[in-house]
>>> print(open('protein_1.cif').read())   # mmCIF, C-alpha atoms and all ligand atoms
data_my_file
#
loop_
_atom_site.group_PDB
_atom_site.id
_atom_site.type_symbol
_atom_site.label_atom_id
_atom_site.label_comp_id
_atom_site.auth_asym_id
_atom_site.auth_seq_id
_atom_site.Cartn_x
_atom_site.Cartn_y
_atom_site.Cartn_z
ATOM 1 C CA MET A 1 0.000 0.000 0.000
ATOM 2 C CA ASN A 2 1.327 3.483 -0.765
ATOM 3 C CA LYS A 3 1.618 6.222 1.842
ATOM 4 C CA ASN A 4 -1.728 7.834 1.081
ATOM 5 C CA LEU A 5 -3.490 4.462 1.231
ATOM 6 C CA ILE A 6 -1.796 3.612 4.538
ATOM 7 C CA SER A 7 -2.709 6.901 6.193
ATOM 8 C CA THR A 8 -6.300 6.626 4.928
ATOM 9 C CA SER A 9 -6.448 3.025 6.199
ATOM 10 C CA LYS A 10 -5.265 4.212 9.624
ATOM 11 C CA PHE A 11 -7.821 6.998 9.597
ATOM 12 C CA LEU A 12 -10.600 4.545 8.663
ATOM 13 C CA SER A 13 -9.457 2.169 11.438
ATOM 14 C CA LEU A 14 -9.727 5.018 13.922
ATOM 15 C CA ILE A 15 -13.222 5.966 12.747
ATOM 16 C CA LEU A 16 -14.614 2.468 12.144
ATOM 17 C CA ARG A 17 -13.073 0.668 15.139
ATOM 18 C CA HIS A 18 -12.489 3.184 17.877
ATOM 19 C CA LYS A 19 -13.605 6.801 17.607
ATOM 20 C CA PRO A 20 -16.268 7.681 15.030
ATOM 21 C CA GLU A 21 -17.004 10.721 17.201
ATOM 22 C CA THR A 22 -13.754 12.208 15.814
ATOM 23 C CA ILE A 23 -15.840 13.157 12.780
ATOM 24 C CA GLY A 24 -19.082 13.558 14.725
ATOM 25 C CA MET A 25 -20.523 10.161 13.763
ATOM 26 C CA GLN A 26 -21.846 7.012 15.414
ATOM 27 C CA LEU A 27 -21.651 3.483 13.996
ATOM 28 C CA ASP A 28 -24.751 1.322 13.508
ATOM 29 C CA ALA A 29 -25.183 -1.464 16.075
ATOM 30 C CA ASP A 30 -23.444 -3.823 13.649
ATOM 31 C CA GLY A 31 -20.576 -1.480 12.913
ATOM 32 C CA TRP A 32 -21.609 0.124 9.613
ATOM 33 C CA LEU A 33 -21.268 3.750 8.534
ATOM 34 C CA ASP A 34 -22.893 5.393 5.536
ATOM 35 C CA ILE A 35 -20.037 6.063 3.102
ATOM 36 C CA ASN A 36 -21.286 9.384 1.732
ATOM 37 C CA SER A 37 -21.780 10.809 5.224
ATOM 38 C CA LEU A 38 -18.377 9.489 6.303
ATOM 39 C CA ILE A 39 -16.667 11.238 3.380
ATOM 40 C CA GLU A 40 -18.647 14.427 3.929
ATOM 41 C CA ASN A 41 -17.907 14.542 7.673
ATOM 42 C CA ALA A 42 -14.249 13.604 7.216
ATOM 43 C CA ASN A 43 -13.693 16.271 4.573
ATOM 44 C CA LYS A 44 -15.493 18.884 6.661
ATOM 45 C CA ARG A 45 -12.805 18.291 9.292
ATOM 46 C CA GLY A 46 -9.889 18.532 6.896
ATOM 47 C CA ASN A 47 -9.378 14.880 5.970
ATOM 48 C CA ASN A 48 -9.154 14.656 2.242
ATOM 49 C CA ILE A 49 -11.041 11.483 1.246
ATOM 50 C CA SER A 50 -12.795 10.747 -2.028
ATOM 51 C CA LEU A 51 -15.054 7.806 -2.843
ATOM 52 C CA GLU A 52 -12.383 6.569 -5.209
ATOM 53 C CA LEU A 53 -9.655 6.642 -2.538
ATOM 54 C CA LEU A 54 -11.927 4.883 -0.051
ATOM 55 C CA HIS A 55 -12.668 2.114 -2.580
ATOM 56 C CA GLU A 56 -8.963 1.787 -3.294
ATOM 57 C CA VAL A 57 -8.170 1.414 0.418
ATOM 58 C CA VAL A 58 -10.826 -1.284 0.820
ATOM 59 C CA ALA A 59 -9.582 -3.222 -2.213
ATOM 60 C CA ALA A 60 -5.830 -2.805 -1.687
ATOM 61 C CA ASN A 61 -5.780 -3.234 2.085
ATOM 62 C CA ASP A 62 -3.087 -5.732 3.072
ATOM 63 C CA LYS A 63 -5.262 -7.313 5.767
ATOM 64 C CA GLN A 64 -8.663 -6.678 4.176
ATOM 65 C CA ARG A 65 -9.526 -4.635 7.236
ATOM 66 C CA PHE A 66 -12.714 -3.146 5.776
ATOM 67 C CA ALA A 67 -15.862 -4.427 4.088
ATOM 68 C CA LEU A 68 -18.479 -2.705 1.951
ATOM 69 C CA SER A 69 -22.154 -3.549 2.365
ATOM 70 C CA GLU A 70 -23.808 -5.485 -0.484
ATOM 71 C CA ASN A 71 -25.329 -2.333 -1.951
ATOM 72 C CA GLY A 72 -21.981 -0.535 -1.645
ATOM 73 C CA LEU A 73 -23.453 2.280 0.424
ATOM 74 C CA ARG A 74 -21.937 1.404 3.784
ATOM 75 C CA ILE A 75 -18.516 0.452 5.154
ATOM 76 C CA ARG A 76 -17.341 -1.259 8.332
ATOM 77 C CA ALA A 77 -14.182 -2.663 9.895
ATOM 78 C CA ASN A 78 -13.984 -6.464 9.777
ATOM 79 C CA GLN A 79 -12.468 -6.717 13.272
ATOM 80 C CA GLY A 80 -10.354 -4.881 15.821
ATOM 81 C CA HIS A 81 -13.055 -2.737 17.441
ATOM 82 C CA SER A 82 -12.749 -1.209 20.865
ATOM 83 C CA LEU A 83 -16.231 0.384 20.800
ATOM 84 C CA PRO A 84 -18.144 -1.635 23.370
ATOM 85 C CA ASP A 85 -21.566 -1.890 21.757
ATOM 86 C CA ILE A 86 -20.641 -3.124 18.300
ATOM 87 C CA ASP A 87 -21.938 -6.570 17.356
ATOM 88 C CA LEU A 88 -20.648 -7.776 13.978
ATOM 89 C CA ARG A 89 -23.207 -10.618 14.083
ATOM 90 C CA LEU A 90 -20.598 -13.244 13.344
ATOM 91 C CA LEU A 91 -21.699 -16.855 13.779
ATOM 92 C CA PRO A 92 -19.890 -19.128 16.240
ATOM 93 C CA THR A 93 -17.513 -21.262 14.175
ATOM 94 C CA THR A 94 -15.553 -24.446 14.914
ATOM 95 C CA PRO A 95 -11.849 -23.541 15.038
ATOM 96 C CA PRO A 96 -8.924 -25.643 13.809
ATOM 97 C CA ASN A 97 -6.957 -27.695 16.366
ATOM 98 C CA LEU A 98 -4.422 -24.970 16.979
ATOM 99 C CA LEU A 99 -4.460 -21.207 16.680
ATOM 100 C CA PHE A 100 -1.689 -18.700 17.403
ATOM 101 C CA HIS A 101 -1.319 -15.421 19.250
ATOM 102 C CA GLY A 102 1.576 -13.029 18.716
ATOM 103 C CA THR A 103 2.754 -11.029 21.701
ATOM 104 C CA VAL A 104 5.988 -9.890 23.382
ATOM 105 C CA ALA A 105 8.016 -11.207 26.346
ATOM 106 C CA GLN A 106 7.110 -8.336 28.659
ATOM 107 C CA PHE A 107 3.455 -9.445 28.712
ATOM 108 C CA LEU A 108 4.198 -13.101 29.484
ATOM 109 C CA PRO A 109 4.238 -12.941 33.302
ATOM 110 C CA SER A 110 0.785 -11.375 33.277
ATOM 111 C CA ILE A 111 -0.500 -13.738 30.547
ATOM 112 C CA ARG A 112 0.774 -16.694 32.607
ATOM 113 C CA GLU A 113 -1.326 -15.430 35.496
ATOM 114 C CA GLN A 114 -4.483 -14.254 33.740
ATOM 115 C CA GLY A 115 -4.515 -16.015 30.392
ATOM 116 C CA LEU A 116 -5.141 -13.869 27.307
ATOM 117 C CA GLN A 117 -7.474 -10.951 27.937
ATOM 118 C CA LYS A 118 -9.036 -8.717 25.331
ATOM 119 C CA ARG A 119 -7.650 -5.558 26.952
ATOM 120 C CA SER A 120 -8.950 -2.488 25.102
ATOM 121 C CA ARG A 121 -10.515 -4.432 22.191
ATOM 122 C CA ASN A 122 -13.756 -6.396 22.033
ATOM 123 C CA HIS A 123 -11.998 -9.738 21.488
ATOM 124 C CA VAL A 124 -8.702 -11.563 21.836
ATOM 125 C CA HIS A 125 -7.313 -11.920 18.295
ATOM 126 C CA LEU A 126 -5.886 -15.247 17.131
ATOM 127 C CA SER A 127 -4.357 -16.299 13.803
ATOM 128 C CA SER A 128 -4.503 -19.612 12.008
ATOM 129 C CA ASP A 129 -0.844 -19.373 10.999
ATOM 130 C CA GLN A 130 2.313 -18.659 12.943
ATOM 131 C CA GLU A 131 3.616 -16.183 10.384
ATOM 132 C CA THR A 132 0.681 -13.807 10.895
ATOM 133 C CA ALA A 133 0.963 -14.146 14.680
ATOM 134 C CA THR A 134 4.671 -13.332 14.414
ATOM 135 C CA LYS A 135 3.838 -10.138 12.499
ATOM 136 C CA VAL A 136 1.237 -9.158 15.108
ATOM 137 C CA GLY A 137 3.813 -9.632 17.884
ATOM 138 C CA MET A 138 6.438 -7.665 15.926
ATOM 139 C CA ARG A 139 4.298 -4.515 16.212
ATOM 140 C CA ARG A 140 5.473 -4.332 19.834
ATOM 141 C CA GLY A 141 9.032 -5.702 19.720
ATOM 142 C CA LYS A 142 10.631 -9.128 19.503
ATOM 143 C CA PRO A 143 7.679 -11.417 18.811
ATOM 144 C CA VAL A 144 6.690 -14.371 20.990
ATOM 145 C CA VAL A 145 4.128 -16.730 19.492
ATOM 146 C CA LEU A 146 1.788 -18.610 21.813
ATOM 147 C CA SER A 147 -0.007 -21.752 20.627
ATOM 148 C CA ILE A 148 -3.636 -22.018 21.638
ATOM 149 C CA ALA A 149 -5.328 -25.418 21.978
ATOM 150 C CA SER A 150 -8.394 -24.075 20.226
ATOM 151 C CA ALA A 151 -10.157 -27.386 19.565
ATOM 152 C CA ASP A 152 -9.858 -28.313 23.256
ATOM 153 C CA MET A 153 -11.087 -24.875 24.202
ATOM 154 C CA HIS A 154 -14.030 -25.171 21.816
ATOM 155 C CA ASN A 155 -14.866 -28.616 23.227
ATOM 156 C CA ALA A 156 -14.850 -27.056 26.683
ATOM 157 C CA GLY A 157 -17.631 -24.704 25.524
ATOM 158 C CA TYR A 158 -15.793 -21.535 24.482
ATOM 159 C CA ARG A 159 -17.177 -19.771 21.417
ATOM 160 C CA PHE A 160 -14.976 -18.823 18.466
ATOM 161 C CA PHE A 161 -15.833 -16.344 15.717
ATOM 162 C CA LEU A 162 -14.106 -15.927 12.375
ATOM 163 C CA SER A 163 -14.019 -12.390 11.004
ATOM 164 C CA ALA A 164 -14.555 -11.700 7.303
ATOM 165 C CA ASN A 165 -10.792 -11.180 6.981
ATOM 166 C CA HIS A 166 -9.957 -14.505 8.664
ATOM 167 C CA VAL A 167 -8.997 -13.343 12.136
ATOM 168 C CA TRP A 168 -10.213 -15.695 14.876
ATOM 169 C CA LEU A 169 -11.926 -13.879 17.735
ATOM 170 C CA VAL A 170 -12.566 -15.116 21.264
ATOM 171 C CA ASP A 171 -13.610 -13.528 24.506
ATOM 172 C CA SER A 172 -10.562 -14.743 26.453
ATOM 173 C CA VAL A 173 -8.102 -17.640 26.528
ATOM 174 C CA PRO A 174 -7.652 -19.302 29.938
ATOM 175 C CA ILE A 175 -4.081 -20.360 30.783
ATOM 176 C CA GLU A 176 -4.778 -24.075 30.533
ATOM 177 C CA PHE A 177 -5.223 -23.737 26.763
ATOM 178 C CA ILE A 178 -2.029 -21.741 26.170
ATOM 179 C CA GLU A 179 1.271 -23.352 25.264
ATOM 180 C CA PHE A 180 4.187 -21.052 26.005
ATOM 181 C CA PRO A 181 7.370 -21.389 23.914
HETATM 182 C C1 LIG A 201 -1.578 -8.563 25.283
HETATM 183 C C2 LIG A 201 -3.753 -5.751 14.571
HETATM 184 C C3 LIG A 201 -0.772 -8.762 29.567
HETATM 185 C C4 LIG A 201 -1.678 -9.192 23.920
HETATM 186 C C5 LIG A 201 -3.171 -7.139 14.650
HETATM 187 C C6 LIG A 201 -1.397 -7.996 23.040
HETATM 188 C C7 LIG A 201 -4.261 -7.955 15.292
HETATM 189 C C8 LIG A 201 -1.883 -9.257 27.628
HETATM 190 C C9 LIG A 201 -1.960 -6.832 23.817
HETATM 191 C C10 LIG A 201 -5.071 -6.942 16.032
HETATM 192 C C11 LIG A 201 -2.780 -10.104 28.316
HETATM 193 C C12 LIG A 201 -3.290 -6.345 23.281
HETATM 194 C C13 LIG A 201 -4.989 -7.179 17.493
HETATM 195 C C14 LIG A 201 -2.586 -10.247 29.720
HETATM 196 C C15 LIG A 201 -3.318 -10.144 26.243
HETATM 197 N N1 LIG A 201 -1.593 -9.569 30.289
HETATM 198 N N2 LIG A 201 -0.893 -8.590 28.241
HETATM 199 N N3 LIG A 201 -3.379 -11.040 30.468
HETATM 200 N N4 LIG A 201 -3.647 -10.645 27.444
HETATM 201 N N5 LIG A 201 -2.251 -9.312 26.338
HETATM 202 O O1 LIG A 201 -3.458 -4.551 19.919
HETATM 203 O O2 LIG A 201 -3.622 -9.133 19.415
HETATM 204 O O3 LIG A 201 -3.186 -4.127 11.998
HETATM 205 O O4 LIG A 201 -5.379 -5.158 21.473
HETATM 206 O O5 LIG A 201 -0.744 -10.239 23.776
HETATM 207 O O6 LIG A 201 -2.793 -7.615 13.410
HETATM 208 O O7 LIG A 201 -1.791 -7.326 19.535
HETATM 209 O O8 LIG A 201 -4.789 -3.150 13.624
HETATM 210 O O9 LIG A 201 -4.174 -6.959 20.341
HETATM 211 O O10 LIG A 201 -0.031 -7.822 22.840
HETATM 212 O O11 LIG A 201 -5.080 -8.665 14.431
HETATM 213 O O12 LIG A 201 -5.617 -4.478 11.663
HETATM 214 O O13 LIG A 201 -2.181 -7.294 25.135
HETATM 215 O O14 LIG A 201 -4.522 -5.665 15.707
HETATM 216 O O15 LIG A 201 -4.526 -5.606 13.447
HETATM 217 O O16 LIG A 201 -3.008 -5.650 22.082
HETATM 218 O O17 LIG A 201 -3.644 -7.102 17.926
HETATM 219 P P1 LIG A 201 -4.055 -5.478 20.925
HETATM 220 P P2 LIG A 201 -3.225 -7.704 19.318
HETATM 221 P P3 LIG A 201 -4.526 -4.259 12.643
#
>>> encode(input="protein_1.cif", output="structure tokens")
Amino acid sequence: MNKNLISTSKFLSLILRHKPETIGMQLDADGWLDINSLIENANKRGNNISLELLHEVVAANDKQRFALSENGLRIRANQGHSLPDIDLRLLPTTPPNLLFHGTVAQFLPSIREQGLQKRSRNHVHLSSDQETATKVGMRRGKPVVLSIASADMHNAGYRFFLSANHVWLVDSVPIEFIEFP
């Protein structure tokens, strides 16, 4: 993604995951925003976004962070929200045997005590491959990848959701399902 696409993607993440009030807006209960109003409100506040640029960000996004509604009139983030009342209406899904979580060493003592917690987001994020988890961990320093016994966890009654961009979402991961490296 080029610089303009990256900064617009970051701006859209802010609006669609965390702080729509930055441009005086509120998301629908299932996370959608009307695209025309988004562009209008963003531009009113000095963010230079066109419909074309927004479509380019959605299509070119390295993680497919955003989705358009079927009629193309609305946009939402596929995952990563911190806004408490957003329900993406994802269906509980059976996970693979193992999933992965990328983190850093400084969090391990607390993770060993509490398991994985969602912290400021609405879910704990897990990946189906170690490479993605490594990249997630790298955002904070030297990555540490934890293996999660997701099938066992699912059998124990925990619900898993798969976002439209293939991120696995859970409410928490208790320590007994975490394998530390
Ligand atoms: C850690 C990015 C101490 C957890 C990525 C993580 C992802 C604990 C941090 C998405 C803990 C939360 C999410 C505990 C968890 N004690 N630390 N008990 N439990 N943690 O950013 O998973 O590029 O909310 O290990 O690719 O890092 O934005 O979660 O380090 O998919 O699209 O607390 O964000 O996607 O950090 O990243 P985050 P995450 P985007």
>>> atom_distance(input="protein_1.cif", atom1="atom O6 of ligand LIG 201 (chain A)", atom2="atom CA of Pro174 of chain A")
20.8 Å
>>> residues_near_ligand(input="protein_1.cif", ligand="ligand LIG 201 (chain A)", cutoff="6 Å", atoms="only C-alpha atoms and all ligand atoms", output="list in words")
Arg65, Gly80, Thr103, Phe107, Ser110, Ile111, Gln114, Gly115, Leu116, Gln117, Lys118, Arg119, Ser120, Arg121, His125 and Val136 of chain A
>>> residues_around(input="protein_1.cif", residues="Leu83 of chain A", least_positions_apart="4", cutoff="12 Å", atoms="only C-alpha atoms", output="VMD selection string")
chain A and resid 13 to 21 26 to 31 77 79 87 to 88 120 to 123
>>> write_last_selection(input="protein_1.cif", atoms="C-alpha atoms", output="short mmCIF file (atom, residue, chain, number, x, y, z; two decimals), in the frame of the given file")
data_model
loop_
_atom_site.label_atom_id
_atom_site.label_comp_id
_atom_site.auth_asym_id
_atom_site.auth_seq_id
_atom_site.Cartn_x
_atom_site.Cartn_y
_atom_site.Cartn_z
CA SER A 13 -9.46 2.17 11.44
CA LEU A 14 -9.73 5.02 13.92
CA ILE A 15 -13.22 5.97 12.75
CA LEU A 16 -14.61 2.47 12.14
CA ARG A 17 -13.07 0.67 15.14
CA HIS A 18 -12.49 3.18 17.88
CA LYS A 19 -13.60 6.80 17.61
CA PRO A 20 -16.27 7.68 15.03
CA GLU A 21 -17.00 10.72 17.20
CA GLN A 26 -21.85 7.01 15.41
CA LEU A 27 -21.65 3.48 14.00
CA ASP A 28 -24.75 1.32 13.51
CA ALA A 29 -25.18 -1.46 16.08
CA ASP A 30 -23.44 -3.82 13.65
CA GLY A 31 -20.58 -1.48 12.91
CA ALA A 77 -14.18 -2.66 9.90
CA GLN A 79 -12.47 -6.72 13.27
CA ASP A 87 -21.94 -6.57 17.36
CA LEU A 88 -20.65 -7.78 13.98
CA SER A 120 -8.95 -2.49 25.10
CA ARG A 121 -10.52 -4.43 22.19
CA ASN A 122 -13.76 -6.40 22.03
CA HIS A 123 -12.00 -9.74 21.49
#
>>> closest_residue(input="protein_1.cif", among="A:Lys10, A:His166, A:Lys142, A:Arg76", to="Asp34 of chain A", atoms="only C-alpha atoms")
A:Arg76
>>> atom_distance(input="protein_1.cif", atom1="atom CA of Ala149 of chain A", atom2="atom CA of Gln64 of chain A")
26.1 Å
>>> closest_residue(input="protein_1.cif", among="A:Gly137, A:Ile75, A:His81, A:Ile6", to="Leu38 of chain A", atoms="all atoms listed in the file")
A:Ile75
>>> residues_near_point(input="protein_1.cif", point="(-7.8, -13.1, 15.8)", cutoff="10 Å", atoms="all atoms listed in the file", output="list in words")
Gln79, Gly80, Leu99, Phe100, His101, Gly102, His123, Val124, His125, Leu126, Ser127, Ser128, Thr132, Ala133, Val136, Phe160, Phe161, Leu162, Ser163, Asn165, His166, Val167, Trp168, Leu169 and Val170 of chain A
>>> atom_distance(input="protein_1.cif", atom1="atom CA of Asn155 of chain A", atom2="atom CA of Arg89 of chain A")
21.8 Å
>>> closest_residue(input="protein_1.cif", among="A:Leu12, A:Val145, A:Leu68, A:Ala60", to="Ala42 of chain A", atoms="only C-alpha atoms")
A:Leu12
>>> axis_aligned_box(input="protein_1.cif", around="segment 50-60 of chain A", padding_each_side="6 Å", output="lines of an AutoDock Vina configuration file")
center_x = -10.4
center_y = 3.8
center_z = -2.2
size_x = 21.2
size_y = 26.0
size_z = 18.0
>>> residues_around(input="protein_1.cif", residues="Thr94 of chain A", least_positions_apart="2", cutoff="8 Å", atoms="only C-alpha atoms", output="PyMOL selection string")
chain A and resi 92+96+151+154+160
>>> closest_residue(input="protein_1.cif", among="A:Leu98, A:Asp171, A:Glu113, A:Pro181", to="Ser150 of chain A", atoms="all atoms listed in the file")
A:Leu98
>>> closest_residue(input="protein_1.cif", among="A:Met25, A:Ile178, A:Leu54, A:Ile86", to="Thr8 of chain A", atoms="all atoms listed in the file")
A:Leu54
>>> closest_residue(input="protein_1.cif", among="A:Met138, A:Met153, A:Ile148, A:Leu73", to="Trp32 of chain A", atoms="only C-alpha atoms")
A:Leu73
>>> residues_around(input="protein_1.cif", residues="Glu52 of chain A", least_positions_apart="2", cutoff="12 Å", atoms="all atoms listed in the file", output="number ranges by chain")
A: 5, 8, 35-36, 39, 48-50, 54-60
>>> write_last_selection(input="protein_1.cif", atoms="C-alpha atoms", output="PDB file, in the coordinates of the input")
ATOM      1  CA  LEU A   5      -3.490   4.462   1.231  1.00  0.00           C
ATOM      2  CA  THR A   8      -6.300   6.626   4.928  1.00  0.00           C
ATOM      3  CA  ILE A  35     -20.037   6.063   3.102  1.00  0.00           C
ATOM      4  CA  ASN A  36     -21.286   9.384   1.732  1.00  0.00           C
ATOM      5  CA  ILE A  39     -16.667  11.238   3.380  1.00  0.00           C
ATOM      6  CA  ASN A  48      -9.154  14.656   2.242  1.00  0.00           C
ATOM      7  CA  ILE A  49     -11.041  11.483   1.246  1.00  0.00           C
ATOM      8  CA  SER A  50     -12.795  10.747  -2.028  1.00  0.00           C
ATOM      9  CA  LEU A  54     -11.927   4.883  -0.051  1.00  0.00           C
ATOM     10  CA  HIS A  55     -12.668   2.114  -2.580  1.00  0.00           C
ATOM     11  CA  GLU A  56      -8.963   1.787  -3.294  1.00  0.00           C
ATOM     12  CA  VAL A  57      -8.170   1.414   0.418  1.00  0.00           C
ATOM     13  CA  VAL A  58     -10.826  -1.284   0.820  1.00  0.00           C
ATOM     14  CA  ALA A  59      -9.582  -3.222  -2.213  1.00  0.00           C
ATOM     15  CA  ALA A  60      -5.830  -2.805  -1.687  1.00  0.00           C
TER      16      ALA A  60
END
>>> build_atoms(input="protein_1.cif", residues="segment 136-149 of chain A", atoms="N, CA and C atoms", output="JSON list (two decimals), in the frame of the given file")
[["chain", "number", "residue", "atom", "x", "y", "z"],
["A", 136, "VAL", "N", 2.02, -9.89, 14.09],
["A", 136, "VAL", "CA", 1.24, -9.16, 15.11],
["A", 136, "VAL", "C", 2.13, -8.84, 16.31],
["A", 137, "GLY", "N", 2.91, -9.84, 16.75],
["A", 137, "GLY", "CA", 3.81, -9.63, 17.88],
["A", 137, "GLY", "C", 4.87, -8.58, 17.58],
["A", 138, "MET", "N", 5.36, -8.58, 16.33],
["A", 138, "MET", "CA", 6.44, -7.66, 15.93],
["A", 138, "MET", "C", 6.06, -6.19, 16.04],
["A", 139, "ARG", "N", 4.72, -5.91, 16.05],
["A", 139, "ARG", "CA", 4.30, -4.51, 16.21],
["A", 139, "ARG", "C", 4.80, -3.94, 17.53],
["A", 140, "ARG", "N", 5.10, -4.82, 18.50],
["A", 140, "ARG", "CA", 5.47, -4.33, 19.83],
["A", 140, "ARG", "C", 6.92, -4.63, 20.22],
["A", 141, "GLY", "N", 7.64, -5.35, 19.38],
["A", 141, "GLY", "CA", 9.03, -5.70, 19.72],
["A", 141, "GLY", "C", 9.35, -7.08, 19.20],
["A", 142, "LYS", "N", 10.26, -7.78, 19.93],
["A", 142, "LYS", "CA", 10.63, -9.13, 19.50],
["A", 142, "LYS", "C", 9.44, -10.05, 19.74],
["A", 143, "PRO", "N", 8.94, -10.67, 18.66],
["A", 143, "PRO", "CA", 7.68, -11.42, 18.81],
["A", 143, "PRO", "C", 7.82, -12.74, 19.57],
["A", 144, "VAL", "N", 6.81, -13.06, 20.34],
["A", 144, "VAL", "CA", 6.69, -14.37, 20.99],
["A", 144, "VAL", "C", 5.36, -14.94, 20.53],
["A", 145, "VAL", "N", 5.38, -16.16, 20.00],
["A", 145, "VAL", "CA", 4.13, -16.73, 19.49],
["A", 145, "VAL", "C", 3.63, -17.81, 20.44],
["A", 146, "LEU", "N", 2.42, -17.63, 20.93],
["A", 146, "LEU", "CA", 1.79, -18.61, 21.81],
["A", 146, "LEU", "C", 0.89, -19.52, 20.99],
["A", 147, "SER", "N", 0.91, -20.83, 21.30],
["A", 147, "SER", "CA", -0.01, -21.75, 20.63],
["A", 147, "SER", "C", -1.23, -21.93, 21.51],
["A", 148, "ILE", "N", -2.37, -21.91, 20.89],
["A", 148, "ILE", "CA", -3.64, -22.02, 21.64],
["A", 148, "ILE", "C", -4.33, -23.32, 21.24],
["A", 149, "ALA", "N", -4.64, -24.14, 22.24],
["A", 149, "ALA", "CA", -5.33, -25.42, 21.98],
["A", 149, "ALA", "C", -6.81, -25.11, 21.72]]
